[in-house]
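Before any comments, here is the structure.
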Amino acid sequence: MIIIATEPLTAMSYNLMRVFEEVSKTQQPELIHPSDKKYSEALEIRQQQAQKRDRFVNPLFFQARISRISSYTIRAVQNAIITGMSLQCFMSSLVARLVSRPQLIGEH
C-alpha cells in the first residue's frame, strides 16, 4: 500500500496554477483577469461612497493584492490535463480570457 501525503500535492498543484495564471498576466500586462476588474470596480464604488460621507478608503486596498485563483483557471487546467492540450494552447486560452484594465479614480 502506497500512502501519499496530500498536503504537498495540494500545495504543488496550487502553486502550479498560480504560476499559470501569473504568466498569462505577464504576457499581456495591459490586461487583467475579470475577477481583478470586478474588485477594482467595487473598490471605486466604495471610494465614491466614502467621499460622500467625507471619509476615505484605506489606501492599502488600492495596492496590488494577492488574488485567489479564478475558477476559470482551475477548470482550464483540468480540461488541459484531460484532453492532453499542449502548454502553448493552454496558455493562449488563459491569455484570451483577460479583459481591459478599468480606469481607477485618480488615474490619468
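Within each chain, counting starts at residue 1; across the C-alpha cells, chains are named A, B, ... in the order shown, with ligands numbered 1 upward in that order.
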
Original post:
Counting only C-alpha atoms, what is within 7 Å of range 24-30 of chain A, bar same-chain residues fewer than 4 positions away, as a PyMOL selection string?
Top reply: chain A and resi 20+91+94-95+100-101

Subject >> DSSP alpha helix (DSSP H) residues within range 2-92 of chain A, as JSON, numbers by chain >> reply: {"A": [6, 7, 8, 9, 10, 11, 12, 13, 14, 15, 16, 17, 18, 19, 20, 21, 22, 23, 24, 25, 26, 27, 34, 35, 36, 37, 38, 39, 40, 41, 42, 43, 44, 45, 46, 47, 48, 49, 50, 51, 52, 71, 72, 73, 74, 75, 76, 77, 78, 79, 80, 81, 82, 83, 87, 88, 89, 90, 91, 92]}

**OP:** Write out as a ChimeraX atom specification all residues of range 2-106 of chain A that backbone DSSP assigns to strand (DSSP E).
**Re:** /A:31-32,99-100

Output the selection as a PDB file, in the first residue's frame - N, CA, C and O atoms for each residue.
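This went into again-v4.pdb:
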ATOM      1  N   LEU A  31      -3.723  43.947 -19.665  1.00  0.00           N
ATOM      2  CA  LEU A  31      -4.982  43.251 -19.405  1.00  0.00           C
ATOM      3  C   LEU A  31      -4.955  42.611 -18.021  1.00  0.00           C
ATOM      4  O   LEU A  31      -3.898  42.357 -17.465  1.00  0.00           O
ATOM      5  N   ILE A  32      -6.127  42.356 -17.468  1.00  0.00           N
ATOM      6  CA  ILE A  32      -6.247  41.727 -16.156  1.00  0.00           C
ATOM      7  C   ILE A  32      -7.323  40.654 -16.202  1.00  0.00           C
ATOM      8  O   ILE A  32      -8.105  40.578 -17.141  1.00  0.00           O
ATOM      9  N   VAL A  99      -9.183  40.694 -19.658  1.00  0.00           N
ATOM     10  CA  VAL A  99     -10.017  41.816 -20.079  1.00  0.00           C
ATOM     11  C   VAL A  99      -9.254  43.121 -19.882  1.00  0.00           C
ATOM     12  O   VAL A  99      -8.219  43.166 -19.223  1.00  0.00           O
ATOM     13  N   SER A 100      -9.792  44.211 -20.423  1.00  0.00           N
ATOM     14  CA  SER A 100      -9.164  45.528 -20.286  1.00  0.00           C
ATOM     15  C   SER A 100      -9.164  45.981 -18.850  1.00  0.00           C
ATOM     16  O   SER A 100     -10.094  45.743 -18.091  1.00  0.00           O
TER      17      SER A 100
END

Original post:
Counting only C-alpha atoms, which of A:Ala96, A:Glu22, A:Glu7, A:Phe62 gets nearest to Glu41 in chain A?
Top reply: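 The shortest atom-to-atom distance to Glu41 in chain A comes from A:Phe62.
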
Original post:
By how many Å are CA of Ile81 in chain A and CA of Asn15 in chain A apart?
Top reply: 16.1 Å

Original post:
What lies within 6 Å of His33 in chain A using only C-alpha atoms, ignoring chain neighbours under 2 positions off, as a VMD selection string?
Top reply: chain A and resid 35 to 36 98

**OP:** Find the residues near Pro59 in chain A: any atom within 12 Å, counting only C-alpha atoms, skip ones fewer than 4 places away on the same chain, and give them as a PyMOL selection string.
**Re:** chain A and resi 43-44+46-47+55+63-64

Subject >> Near-Ser13 in chain A list (12 Å; only C-alpha atoms; drop same-chain fewer than 5 positions) as a VMD selection string >> reply: chain A and resid 6 to 8 18 to 20 69 73 to 74 77 to 78
